[in-house]
>>> print(open('final.cif').read())   # mmCIF, C-alpha atoms
data_final
#
loop_
_atom_site.label_atom_id
_atom_site.label_comp_id
_atom_site.auth_asym_id
_atom_site.auth_seq_id
_atom_site.Cartn_x
_atom_site.Cartn_y
_atom_site.Cartn_z
CA MET A 1 -2.88 -25.61 -22.17
CA ASP A 2 -2.83 -21.80 -22.47
CA PHE A 3 -5.88 -20.46 -20.62
CA THR A 4 -5.76 -17.28 -22.70
CA GLN A 5 -6.52 -19.42 -25.74
CA LEU A 6 -9.42 -21.08 -23.94
CA ARG A 7 -10.88 -17.70 -22.98
CA ALA A 8 -10.63 -16.57 -26.60
CA PHE A 9 -12.26 -19.80 -27.78
CA ILE A 10 -15.19 -19.40 -25.39
CA ALA A 11 -15.64 -15.69 -26.17
CA VAL A 12 -15.72 -16.23 -29.94
CA ALA A 13 -18.05 -19.21 -29.55
CA GLU A 14 -20.50 -17.22 -27.43
CA GLU A 15 -20.31 -13.97 -29.39
CA GLY A 16 -20.11 -15.57 -32.86
CA ASN A 17 -17.99 -12.64 -33.94
CA LEU A 18 -14.29 -11.79 -33.59
CA THR A 19 -14.84 -8.06 -33.04
CA ARG A 20 -17.36 -8.57 -30.24
CA ALA A 21 -15.16 -11.24 -28.67
CA ALA A 22 -12.19 -8.85 -28.75
CA ASP A 23 -14.26 -6.09 -27.11
CA ARG A 24 -15.38 -8.52 -24.42
CA LEU A 25 -11.80 -9.60 -23.70
CA HIS A 26 -10.45 -6.02 -23.94
CA VAL A 27 -7.90 -6.98 -26.60
CA THR A 28 -7.54 -6.39 -30.35
CA GLN A 29 -9.24 -8.48 -33.00
CA PRO A 30 -5.89 -9.73 -34.43
CA ALA A 31 -4.94 -10.91 -30.94
CA VAL A 32 -8.11 -12.99 -30.69
CA SER A 33 -7.59 -14.40 -34.19
CA LEU A 34 -4.04 -15.39 -33.25
CA GLN A 35 -5.19 -17.15 -30.06
CA ILE A 36 -7.78 -19.14 -32.02
CA LYS A 37 -5.19 -20.03 -34.68
CA LEU A 38 -2.68 -21.22 -32.05
CA LEU A 39 -5.32 -23.25 -30.23
CA GLN A 40 -6.44 -24.97 -33.42
CA GLU A 41 -2.82 -25.78 -34.29
CA ARG A 42 -2.16 -27.14 -30.81
CA LEU A 43 -5.28 -29.33 -30.91
CA LYS A 44 -4.91 -30.20 -34.60
CA LEU A 45 -8.62 -29.50 -34.96
CA GLN A 46 -10.69 -26.88 -36.76
CA LEU A 47 -12.93 -25.23 -34.18
CA PHE A 48 -14.63 -22.55 -36.32
CA VAL A 49 -15.72 -21.86 -39.86
CA ARG A 50 -16.10 -18.33 -41.16
CA THR A 51 -19.54 -17.35 -42.45
CA SER A 52 -21.09 -14.13 -43.72
CA ALA A 53 -22.52 -13.62 -40.23
CA GLY A 54 -19.24 -14.23 -38.38
CA MET A 55 -17.72 -17.30 -36.78
CA ARG A 56 -19.60 -20.60 -36.42
CA LEU A 57 -18.49 -23.56 -34.34
CA THR A 58 -17.66 -26.79 -36.15
CA ASN A 59 -18.89 -30.11 -34.76
CA ASP A 60 -15.55 -30.55 -32.99
CA GLY A 61 -15.77 -27.01 -31.59
CA THR A 62 -19.30 -27.62 -30.33
CA LYS A 63 -18.17 -30.75 -28.48
CA LEU A 64 -15.18 -29.02 -26.90
CA LEU A 65 -16.99 -25.83 -25.79
CA PRO A 66 -18.65 -27.23 -22.61
CA VAL A 67 -15.36 -28.86 -21.62
CA ALA A 68 -13.52 -25.56 -22.03
CA GLU A 69 -16.15 -23.79 -19.92
CA ARG A 70 -15.79 -26.36 -17.15
CA VAL A 71 -12.00 -26.02 -17.18
CA LEU A 72 -12.16 -22.22 -16.86
CA ASN A 73 -14.82 -22.40 -14.15
CA THR A 74 -12.61 -24.79 -12.19
CA LEU A 75 -9.66 -22.41 -12.57
CA GLN A 76 -11.76 -19.48 -11.36
CA GLU A 77 -12.97 -21.52 -8.40
CA PHE A 78 -9.35 -22.39 -7.58
CA HIS A 79 -8.38 -18.71 -7.56
CA GLN A 80 -11.48 -17.85 -5.54
CA HIS A 81 -10.57 -20.33 -2.82
CA ALA A 82 -6.97 -19.15 -2.85
CA ASP A 83 -8.14 -15.55 -2.42
CA ALA A 84 -10.35 -16.65 0.46
CA LEU A 85 -7.33 -18.13 2.23
CA HIS A 86 -5.63 -14.73 2.03
CA THR A 87 -8.75 -12.98 3.27
CA SER A 88 -8.46 -13.01 7.05
CA ALA A 89 -10.31 -11.16 9.77
CA GLY A 90 -7.57 -8.58 9.76
CA THR A 91 -7.78 -7.76 6.06
CA LEU A 92 -11.49 -7.95 5.19
CA SER A 93 -13.24 -4.69 6.03
CA GLY A 94 -15.69 -2.16 4.64
CA THR A 95 -19.42 -2.43 4.10
CA LEU A 96 -21.34 -5.23 2.41
CA SER A 97 -24.90 -4.55 1.20
CA LEU A 98 -27.01 -7.70 1.45
CA GLY A 99 -30.47 -8.15 -0.03
CA THR A 100 -32.77 -10.40 2.00
CA ILE A 101 -36.12 -11.96 1.08
CA LEU A 102 -38.82 -14.05 2.75
CA ASP A 103 -38.49 -14.73 6.47
CA PRO A 104 -35.07 -14.80 8.22
CA GLU A 105 -35.52 -18.35 9.50
CA PHE A 106 -36.08 -19.82 6.04
CA ILE A 107 -32.94 -18.24 4.55
CA ARG A 108 -30.93 -19.04 7.73
CA LEU A 109 -30.03 -15.39 8.06
CA GLY A 110 -29.24 -15.50 11.79
CA ALA A 111 -26.75 -18.37 11.52
CA PHE A 112 -25.14 -16.76 8.48
CA LEU A 113 -24.71 -13.32 10.08
CA LYS A 114 -23.41 -14.84 13.33
CA LEU A 115 -20.68 -16.68 11.43
CA LEU A 116 -19.94 -13.60 9.33
CA VAL A 117 -19.47 -11.37 12.39
CA GLU A 118 -17.28 -13.96 14.11
CA ARG A 119 -15.07 -14.52 11.07
CA TYR A 120 -14.87 -10.93 9.77
CA PRO A 121 -15.58 -8.49 12.62
CA GLN A 122 -14.32 -5.50 10.63
CA LEU A 123 -16.82 -6.09 7.81
CA SER A 124 -20.02 -4.10 8.33
CA THR A 125 -23.17 -5.61 6.84
CA ARG A 126 -26.11 -3.48 5.68
CA LEU A 127 -29.33 -5.46 5.20
CA GLN A 128 -32.11 -4.47 2.81
CA HIS A 129 -35.30 -6.49 2.62
CA HIS A 130 -36.91 -6.75 -0.82
CA MET A 131 -38.87 -8.96 -3.14
CA SER A 132 -36.77 -11.41 -5.10
CA GLY A 133 -36.88 -9.54 -8.42
CA SER A 134 -35.92 -6.27 -6.77
CA VAL A 135 -32.76 -7.87 -5.39
CA LEU A 136 -31.81 -8.76 -8.96
CA GLN A 137 -32.26 -5.19 -10.19
CA LEU A 138 -30.43 -3.62 -7.26
CA LEU A 139 -27.45 -5.90 -7.85
CA LYS A 140 -27.33 -4.63 -11.44
CA THR A 141 -27.32 -1.00 -10.32
CA GLY A 142 -24.72 -1.62 -7.61
CA GLU A 143 -27.03 -0.73 -4.72
CA LEU A 144 -26.59 -4.28 -3.42
CA ASP A 145 -23.43 -6.39 -3.38
CA VAL A 146 -25.02 -9.80 -2.79
CA GLY A 147 -28.50 -11.11 -2.11
CA PHE A 148 -30.92 -13.98 -1.86
CA PHE A 149 -33.04 -14.85 -4.88
CA LEU A 150 -35.77 -17.32 -5.79
CA GLY A 151 -35.08 -19.22 -9.00
CA THR A 152 -32.20 -18.99 -11.47
CA PRO A 153 -30.99 -15.42 -12.06
CA GLY A 154 -29.73 -15.96 -15.62
CA LYS A 155 -26.72 -14.71 -17.55
CA GLY A 156 -24.42 -12.22 -15.90
CA PHE A 157 -24.91 -13.54 -12.37
CA HIS A 158 -22.90 -15.83 -10.12
CA SER A 159 -25.30 -18.08 -8.24
CA LEU A 160 -25.12 -20.56 -5.37
CA THR A 161 -28.17 -22.84 -5.09
CA LEU A 162 -28.99 -23.28 -1.40
CA THR A 163 -32.09 -25.49 -1.44
CA PRO A 164 -34.96 -26.52 -3.73
CA PHE A 165 -38.50 -26.18 -2.42
CA THR A 166 -42.14 -26.32 -3.49
CA TYR A 167 -44.96 -23.80 -3.58
CA ASN A 168 -48.54 -24.96 -3.04
CA VAL A 169 -51.74 -23.22 -4.07
CA ILE A 170 -53.75 -22.47 -0.93
CA ALA A 171 -57.45 -21.63 -0.73
CA PRO A 172 -59.78 -20.38 2.00
CA ALA A 173 -61.34 -22.81 4.45
CA GLY A 174 -64.42 -24.45 2.96
CA TRP A 175 -63.11 -24.33 -0.62
CA LYS A 176 -62.12 -27.99 -0.81
CA ASN A 177 -64.76 -28.85 -3.42
CA ARG A 178 -63.64 -25.90 -5.52
CA VAL A 179 -59.92 -26.84 -5.65
CA ALA A 180 -59.64 -30.59 -4.97
CA GLY A 181 -58.39 -32.41 -8.07
CA LYS A 182 -58.49 -29.21 -10.13
CA GLY A 183 -55.77 -28.29 -12.63
CA TRP A 184 -54.52 -24.86 -13.66
CA LYS A 185 -57.37 -24.30 -16.13
CA GLU A 186 -60.04 -24.67 -13.45
CA LEU A 187 -58.03 -22.80 -10.82
CA ALA A 188 -57.47 -19.82 -13.15
CA GLN A 189 -61.22 -19.13 -13.09
CA LEU A 190 -61.27 -18.74 -9.29
CA PRO A 191 -60.35 -15.45 -7.55
CA TRP A 192 -56.57 -14.97 -7.19
CA ILE A 193 -54.55 -12.76 -4.87
CA TRP A 194 -51.83 -11.47 -7.22
CA THR A 195 -48.37 -10.01 -6.63
CA PRO A 196 -46.14 -7.41 -8.38
CA PRO A 197 -43.76 -8.47 -11.20
CA GLU A 198 -40.79 -8.33 -8.79
CA SER A 199 -42.28 -11.19 -6.80
CA ALA A 200 -41.29 -14.84 -7.32
CA HIS A 201 -44.99 -15.70 -7.00
CA HIS A 202 -45.69 -13.52 -10.03
CA ARG A 203 -42.89 -15.05 -12.10
CA LEU A 204 -43.91 -18.63 -11.30
CA LEU A 205 -47.64 -18.16 -11.82
CA ASN A 206 -47.25 -15.97 -14.88
CA ARG A 207 -45.05 -18.62 -16.48
CA VAL A 208 -47.52 -21.46 -15.88
CA PHE A 209 -50.58 -19.46 -16.94
CA MET A 210 -48.82 -18.32 -20.12
CA GLN A 211 -47.84 -21.93 -20.79
CA TYR A 212 -51.50 -22.96 -20.68
CA LYS A 213 -52.66 -19.71 -22.34
CA LEU A 214 -54.82 -18.80 -19.36
CA THR A 215 -55.78 -15.47 -17.84
CA PRO A 216 -56.18 -15.69 -14.06
CA ASN A 217 -59.06 -13.99 -12.30
CA THR A 218 -57.08 -11.55 -10.14
CA VAL A 219 -59.04 -9.70 -7.45
CA ALA A 220 -56.29 -8.18 -5.28
CA LEU A 221 -52.64 -7.14 -5.58
CA VAL A 222 -50.37 -7.39 -2.52
CA ASP A 223 -46.62 -7.37 -1.96
CA GLN A 224 -46.24 -9.14 1.39
CA GLU A 225 -46.75 -12.82 2.18
CA SER A 226 -48.40 -12.03 5.51
CA SER A 227 -51.04 -9.92 3.72
CA MET A 228 -51.60 -12.70 1.19
CA LEU A 229 -52.24 -15.22 3.95
CA ASP A 230 -54.64 -12.83 5.71
CA LEU A 231 -56.64 -12.41 2.51
CA VAL A 232 -56.79 -16.17 1.96
CA LYS A 233 -57.98 -16.65 5.56
CA SER A 234 -60.61 -13.97 4.95
CA GLY A 235 -62.00 -15.90 1.99
CA VAL A 236 -60.85 -13.50 -0.74
CA GLY A 237 -59.16 -16.01 -3.03
CA LEU A 238 -56.22 -18.27 -3.88
CA SER A 239 -52.51 -17.64 -3.36
CA LEU A 240 -49.17 -19.40 -3.37
CA ALA A 241 -47.44 -20.45 -0.17
CA ARG A 242 -44.31 -22.41 0.53
CA GLU A 243 -45.16 -26.02 1.27
CA SER A 244 -44.18 -25.77 4.95
CA ILE A 245 -46.34 -22.66 5.42
CA ALA A 246 -49.24 -24.18 3.48
CA LEU A 247 -49.23 -27.29 5.69
CA ASN A 248 -49.01 -25.18 8.85
CA GLN A 249 -51.87 -22.93 7.77
CA ALA A 250 -53.99 -25.90 6.75
CA HIS A 251 -53.51 -27.41 10.19
CA ALA A 252 -53.89 -24.19 12.19
CA HIS A 253 -56.61 -22.37 10.23
CA GLY A 254 -58.25 -24.96 8.01
CA LEU A 255 -56.91 -23.49 4.76
CA VAL A 256 -57.21 -25.85 1.80
CA ILE A 257 -54.26 -26.98 -0.35
CA ALA A 258 -54.98 -27.59 -4.03
CA ASP A 259 -53.81 -31.18 -4.37
CA ALA A 260 -53.40 -31.48 -8.15
CA VAL A 261 -50.84 -28.72 -8.78
CA ASP A 262 -47.64 -27.30 -7.32
CA LEU A 263 -44.67 -25.24 -8.45
CA SER A 264 -40.98 -25.91 -7.80
CA THR A 265 -38.15 -23.40 -7.49
CA GLU A 266 -34.98 -22.94 -5.47
CA LEU A 267 -33.47 -20.52 -3.01
CA SER A 268 -30.26 -19.04 -4.40
CA PHE A 269 -27.59 -16.60 -3.26
CA ILE A 270 -26.37 -14.35 -6.05
CA ALA A 271 -23.92 -11.62 -7.07
CA LEU A 272 -22.86 -10.15 -10.36
CA GLU A 273 -20.63 -12.57 -12.24
CA LYS A 274 -18.02 -9.87 -12.81
CA ARG A 275 -17.77 -9.22 -9.05
CA LYS A 276 -17.69 -12.79 -7.72
CA ASN A 277 -13.92 -12.76 -7.05
CA GLU A 278 -13.99 -9.59 -4.95
CA PRO A 279 -12.67 -10.61 -1.50
CA ALA A 280 -15.79 -9.76 0.51
CA ILE A 281 -18.17 -11.35 -1.99
CA SER A 282 -16.03 -14.47 -2.35
CA ALA A 283 -15.84 -14.76 1.43
CA VAL A 284 -19.59 -14.50 2.07
CA PHE A 285 -20.34 -17.09 -0.62
CA ALA A 286 -17.94 -19.51 1.08
CA LEU A 287 -19.45 -18.82 4.51
CA LEU A 288 -23.02 -19.26 3.32
CA GLN A 289 -22.11 -22.56 1.70
CA ASN A 290 -20.82 -23.72 5.10
CA VAL A 291 -24.09 -22.66 6.75
CA TRP A 292 -26.16 -24.71 4.30
CA ASN A 293 -23.90 -27.78 4.13
#
>>> encode(input="final.cif", output="structure tokens")
Amino acid sequence: MDFTQLRAFIAVAEEGNLTRAADRLHVTQPAVSLQIKLLQERLKLQLFVRTSAGMRLTNDGTKLLPVAERVLNTLQEFHQHADALHTSAGTLSGTLSLGTILDPEFIRLGAFLKLLVERYPQLSTRLQHHMSGSVLQLLKTGELDVGFFLGTPGKGFHSLTLTPFTYNVIAPAGWKNRVAGKGWKELAQLPWIWTPPESAHHRLLNRVFMQYKLTPNTVALVDQESSMLDLVKSGVGLSLARESIALNQAHAHGLVIADAVDLSTELSFIALEKRKNEPAISAVFALLQNVWN
């Protein structure tokens, strides 16, 4: 199978247009048309039909698209691992900008950096601590090379899922009767400690409140988890906390966990999709996977 033909097939399928697919692949439109024609002849299948809007997948094309994507992803992974074998301590150098979030222990930052320094002593790492959404934006602008993220970053990003986890809603001590057995509708009416849009808390809560068409009663806006916990302890209102922190705070300070709701997400490590095969980025992804396995 000619992988150039597969790339053309995927590009046309995703773009729905030969011109846009050609621009994406940095080739001419006739070249893309030829690749599609050769692929269809090789497979003895019609993959597209022309419409007034562009190119539409046939039923056969729709069934083959996810298979083609898996094949190309496997090929890219093969090359990535091969590149990593060539990347030794003597060849990998420069500076890597890494975006961190949350607390170092949770993201296993110490173990990761220790292994990174041992394996690639000539690679200098510059750490920047941000909220999850800010890491995403700084990767887009090139101010960060790689970073940790909460959730799924979406199209245009290469992502390694490290671990799923749960957020609980926590309330001040003495609020058990106000939150026990209560769903999102009842909880929305209570005071909430809110976070900026760049925060994973904001994304998760905003999504669930929009789903139920609710407007939360926000009484404070903070951008640090430690400040959120202090305000909950002071009786100001509700907040999100990772399950492990919520349980610890409930035991140590009598904070109350809302028992009828929770929110799930995952810790991810991300880079721009177009940069994932750069030697340093490929190497740190492989090292981090070792740390979490």
>>> atom_distance(input="final.cif", atom1="atom CA of A:Ser33", atom2="atom CA of A:Asn59")
19.4 Å
>>> resolve_selection(input="final.cif", expression="the PyMOL selection byres ((chain A and resi 248-261) around 8)", output="ChimeraX atom specification")
/A:168-176,179-184,232-233,244-247,262-263
>>> closest_residue(input="final.cif", among="A:Leu136, A:Val49, A:Leu288, A:Ala271", to="A:Leu162", atoms="only C-alpha atoms")
A:Leu288
>>> residues_near_point(input="final.cif", point="(-56.0, -15.2, -5.8)", cutoff="12 Å", atoms="all atoms listed in the file", output="ChimeraX atom specification")
/A:169-172,187-195,201-202,205,216-222,227-241
>>> resolve_selection(input="final.cif", expression="the PyMOL selection byres ((chain A and resi 22) around 12)", output="list in words")
Arg7, Ala8, Phe9, Ile10, Ala11, Val12, Ala13, Glu14, Glu15, Gly16, Asn17, Leu18, Thr19, Arg20, Ala21, Asp23, Arg24, Leu25, His26, Val27, Thr28, Gln29, Pro30, Ala31, Val32, Ser33, Leu34, Gln35 and Ile36 of chain A
>>> write_last_selection(input="final.cif", atoms="C-alpha atoms", output="PDB file, keeping the file's coordinate frame")
ATOM      1  CA  ARG A   7     -10.880 -17.700 -22.980  1.00  0.00           C
ATOM      2  CA  ALA A   8     -10.630 -16.570 -26.600  1.00  0.00           C
ATOM      3  CA  PHE A   9     -12.260 -19.800 -27.780  1.00  0.00           C
ATOM      4  CA  ILE A  10     -15.190 -19.400 -25.390  1.00  0.00           C
ATOM      5  CA  ALA A  11     -15.640 -15.690 -26.170  1.00  0.00           C
ATOM      6  CA  VAL A  12     -15.720 -16.230 -29.940  1.00  0.00           C
ATOM      7  CA  ALA A  13     -18.050 -19.210 -29.550  1.00  0.00           C
ATOM      8  CA  GLU A  14     -20.500 -17.220 -27.430  1.00  0.00           C
ATOM      9  CA  GLU A  15     -20.310 -13.970 -29.390  1.00  0.00           C
ATOM     10  CA  GLY A  16     -20.110 -15.570 -32.860  1.00  0.00           C
ATOM     11  CA  ASN A  17     -17.990 -12.640 -33.940  1.00  0.00           C
ATOM     12  CA  LEU A  18     -14.290 -11.790 -33.590  1.00  0.00           C
ATOM     13  CA  THR A  19     -14.840  -8.060 -33.040  1.00  0.00           C
ATOM     14  CA  ARG A  20     -17.360  -8.570 -30.240  1.00  0.00           C
ATOM     15  CA  ALA A  21     -15.160 -11.240 -28.670  1.00  0.00           C
ATOM     16  CA  ASP A  23     -14.260  -6.090 -27.110  1.00  0.00           C
ATOM     17  CA  ARG A  24     -15.380  -8.520 -24.420  1.00  0.00           C
ATOM     18  CA  LEU A  25     -11.800  -9.600 -23.700  1.00  0.00           C
ATOM     19  CA  HIS A  26     -10.450  -6.020 -23.940  1.00  0.00           C
ATOM     20  CA  VAL A  27      -7.900  -6.980 -26.600  1.00  0.00           C
ATOM     21  CA  THR A  28      -7.540  -6.390 -30.350  1.00  0.00           C
ATOM     22  CA  GLN A  29      -9.240  -8.480 -33.000  1.00  0.00           C
ATOM     23  CA  PRO A  30      -5.890  -9.730 -34.430  1.00  0.00           C
ATOM     24  CA  ALA A  31      -4.940 -10.910 -30.940  1.00  0.00           C
ATOM     25  CA  VAL A  32      -8.110 -12.990 -30.690  1.00  0.00           C
ATOM     26  CA  SER A  33      -7.590 -14.400 -34.190  1.00  0.00           C
ATOM     27  CA  LEU A  34      -4.040 -15.390 -33.250  1.00  0.00           C
ATOM     28  CA  GLN A  35      -5.190 -17.150 -30.060  1.00  0.00           C
ATOM     29  CA  ILE A  36      -7.780 -19.140 -32.020  1.00  0.00           C
TER      30      ILE A  36
END
>>> atom_distance(input="final.cif", atom1="atom CA of A:Thr74", atom2="atom CA of A:Gln137")
27.8 Å
>>> closest_residue(input="final.cif", among="A:Thr215, A:Ser159, A:Thr95, A:Asn206", to="A:Phe285", atoms="only C-alpha atoms")
A:Ser159
>>> atom_distance(input="final.cif", atom1="atom CA of A:Lys44", atom2="atom CA of A:Leu75")
23.8 Å
>>> closest_residue(input="final.cif", among="A:Phe3, A:Asn277, A:Gly147, A:Thr100", to="A:Glu69", atoms="only C-alpha atoms")
A:Phe3
>>> closest_residue(input="final.cif", among="A:Phe149, A:Phe112, A:Phe78, A:Phe165", to="A:Thr125", atoms="only C-alpha atoms")
A:Phe112
>>> residues_around(input="final.cif", residues="A:Leu214", least_positions_apart="4", cutoff="7 Å", atoms="only C-alpha atoms", output="PyMOL selection string")
chain A and resi 185+188+209-210
>>> residues_around(input="final.cif", residues="A:Gly151", least_positions_apart="2", cutoff="8 Å", atoms="only C-alpha atoms", output="list in words")
Phe149, Pro153, Ala200, Thr265, Glu266, Leu267 and Ser268 of chain A
>>> write_last_selection(input="final.cif", atoms="C-alpha atoms", output="PDB file, keeping the file's coordinate frame")
ATOM      1  CA  PHE A 149     -33.040 -14.850  -4.880  1.00  0.00           C
ATOM      2  CA  PRO A 153     -30.990 -15.420 -12.060  1.00  0.00           C
ATOM      3  CA  ALA A 200     -41.290 -14.840  -7.320  1.00  0.00           C
ATOM      4  CA  THR A 265     -38.150 -23.400  -7.490  1.00  0.00           C
ATOM      5  CA  GLU A 266     -34.980 -22.940  -5.470  1.00  0.00           C
ATOM      6  CA  LEU A 267     -33.470 -20.520  -3.010  1.00  0.00           C
ATOM      7  CA  SER A 268     -30.260 -19.040  -4.400  1.00  0.00           C
TER       8      SER A 268
END
>>> residues_around(input="final.cif", residues="A:Leu127", least_positions_apart="3", cutoff="7 Å", atoms="only C-alpha atoms", output="PyMOL selection string")
chain A and resi 97-100
>>> closest_residue(input="final.cif", among="A:Leu139, A:Ile101, A:Ile107, A:Leu92", to="A:Ala283", atoms="only C-alpha atoms")
A:Leu92
>>> resolve_selection(input="final.cif", expression="the PyMOL selection byres ((chain A and resi 156) around 9)", output="ChimeraX atom specification")
/A:153-155,157-158,271-274
>>> write_last_selection(input="final.cif", atoms="C-alpha atoms", output="short mmCIF file (atom, residue, chain, number, x, y, z; two decimals), in the coordinates of the input")
data_model
loop_
_atom_site.label_atom_id
_atom_site.label_comp_id
_atom_site.auth_asym_id
_atom_site.auth_seq_id
_atom_site.Cartn_x
_atom_site.Cartn_y
_atom_site.Cartn_z
CA PRO A 153 -30.99 -15.42 -12.06
CA GLY A 154 -29.73 -15.96 -15.62
CA LYS A 155 -26.72 -14.71 -17.55
CA PHE A 157 -24.91 -13.54 -12.37
CA HIS A 158 -22.90 -15.83 -10.12
CA ALA A 271 -23.92 -11.62 -7.07
CA LEU A 272 -22.86 -10.15 -10.36
CA GLU A 273 -20.63 -12.57 -12.24
CA LYS A 274 -18.02 -9.87 -12.81
#
>>> decode(input="final.cif", residues="stretch 264-271 of chain A", atoms="all heavy atoms", output="PDB file, in the first residue's frame")
ATOM      1  N   SER A 264     -15.759  13.717  36.128  1.00  0.00           N
ATOM      2  CA  SER A 264     -14.590  12.933  35.752  1.00  0.00           C
ATOM      3  C   SER A 264     -13.811  13.630  34.642  1.00  0.00           C
ATOM      4  O   SER A 264     -14.378  14.253  33.750  1.00  0.00           O
ATOM      5  CB  SER A 264     -15.021  11.540  35.263  1.00  0.00           C
ATOM      6  OG  SER A 264     -15.654  10.827  36.302  1.00  0.00           O
ATOM      7  N   THR A 265     -12.501  13.518  34.700  1.00  0.00           N
ATOM      8  CA  THR A 265     -11.634  14.034  33.644  1.00  0.00           C
ATOM      9  C   THR A 265     -10.368  13.204  33.648  1.00  0.00           C
ATOM     10  O   THR A 265     -10.309  12.142  34.296  1.00  0.00           O
ATOM     11  CB  THR A 265     -11.342  15.534  33.845  1.00  0.00           C
ATOM     12  OG1 THR A 265     -10.654  16.043  32.697  1.00  0.00           O
ATOM     13  CG2 THR A 265     -10.523  15.786  35.096  1.00  0.00           C
ATOM     14  N   GLU A 266      -9.344  13.638  32.935  1.00  0.00           N
ATOM     15  CA  GLU A 266      -8.087  12.902  32.926  1.00  0.00           C
ATOM     16  C   GLU A 266      -6.917  13.867  32.855  1.00  0.00           C
ATOM     17  O   GLU A 266      -7.046  14.981  32.353  1.00  0.00           O
ATOM     18  CB  GLU A 266      -8.014  11.910  31.766  1.00  0.00           C
ATOM     19  CG  GLU A 266      -8.097  12.511  30.384  1.00  0.00           C
ATOM     20  CD  GLU A 266      -9.513  12.735  29.905  1.00  0.00           C
ATOM     21  OE1 GLU A 266     -10.437  12.053  30.392  1.00  0.00           O
ATOM     22  OE2 GLU A 266      -9.702  13.616  29.043  1.00  0.00           O
ATOM     23  N   LEU A 267      -5.800  13.418  33.390  1.00  0.00           N
ATOM     24  CA  LEU A 267      -4.550  14.158  33.282  1.00  0.00           C
ATOM     25  C   LEU A 267      -3.872  13.725  31.993  1.00  0.00           C
ATOM     26  O   LEU A 267      -3.680  12.532  31.748  1.00  0.00           O
ATOM     27  CB  LEU A 267      -3.650  13.863  34.477  1.00  0.00           C
ATOM     28  CG  LEU A 267      -2.238  14.475  34.435  1.00  0.00           C
ATOM     29  CD1 LEU A 267      -2.291  15.991  34.478  1.00  0.00           C
ATOM     30  CD2 LEU A 267      -1.382  13.925  35.577  1.00  0.00           C
ATOM     31  N   SER A 268      -3.519  14.699  31.156  1.00  0.00           N
ATOM     32  CA  SER A 268      -2.884  14.409  29.872  1.00  0.00           C
ATOM     33  C   SER A 268      -1.572  15.165  29.751  1.00  0.00           C
ATOM     34  O   SER A 268      -1.326  16.151  30.456  1.00  0.00           O
ATOM     35  CB  SER A 268      -3.801  14.819  28.706  1.00  0.00           C
ATOM     36  OG  SER A 268      -5.047  14.173  28.779  1.00  0.00           O
ATOM     37  N   PHE A 269      -0.727  14.696  28.856  1.00  0.00           N
ATOM     38  CA  PHE A 269       0.506  15.394  28.489  1.00  0.00           C
ATOM     39  C   PHE A 269       0.386  15.694  27.009  1.00  0.00           C
ATOM     40  O   PHE A 269       0.074  14.793  26.203  1.00  0.00           O
ATOM     41  CB  PHE A 269       1.720  14.516  28.774  1.00  0.00           C
ATOM     42  CG  PHE A 269       3.032  15.244  28.689  1.00  0.00           C
ATOM     43  CD1 PHE A 269       3.342  16.238  29.599  1.00  0.00           C
ATOM     44  CD2 PHE A 269       3.981  14.921  27.727  1.00  0.00           C
ATOM     45  CE1 PHE A 269       4.560  16.916  29.549  1.00  0.00           C
ATOM     46  CE2 PHE A 269       5.199  15.580  27.659  1.00  0.00           C
ATOM     47  CZ  PHE A 269       5.481  16.579  28.576  1.00  0.00           C
ATOM     48  N   ILE A 270       0.605  16.945  26.609  1.00  0.00           N
ATOM     49  CA  ILE A 270       0.265  17.338  25.247  1.00  0.00           C
ATOM     50  C   ILE A 270       1.374  18.149  24.575  1.00  0.00           C
ATOM     51  O   ILE A 270       2.231  18.751  25.236  1.00  0.00           O
ATOM     52  CB  ILE A 270      -1.053  18.145  25.208  1.00  0.00           C
ATOM     53  CG1 ILE A 270      -0.896  19.469  25.976  1.00  0.00           C
ATOM     54  CG2 ILE A 270      -2.203  17.335  25.771  1.00  0.00           C
ATOM     55  CD1 ILE A 270      -2.127  20.378  25.865  1.00  0.00           C
ATOM     56  N   ALA A 271       1.318  18.134  23.258  1.00  0.00           N
ATOM     57  CA  ALA A 271       2.170  18.974  22.399  1.00  0.00           C
ATOM     58  C   ALA A 271       1.384  19.212  21.126  1.00  0.00           C
ATOM     59  O   ALA A 271       0.374  18.552  20.862  1.00  0.00           O
ATOM     60  CB  ALA A 271       3.490  18.280  22.099  1.00  0.00           C
TER      61      ALA A 271
END
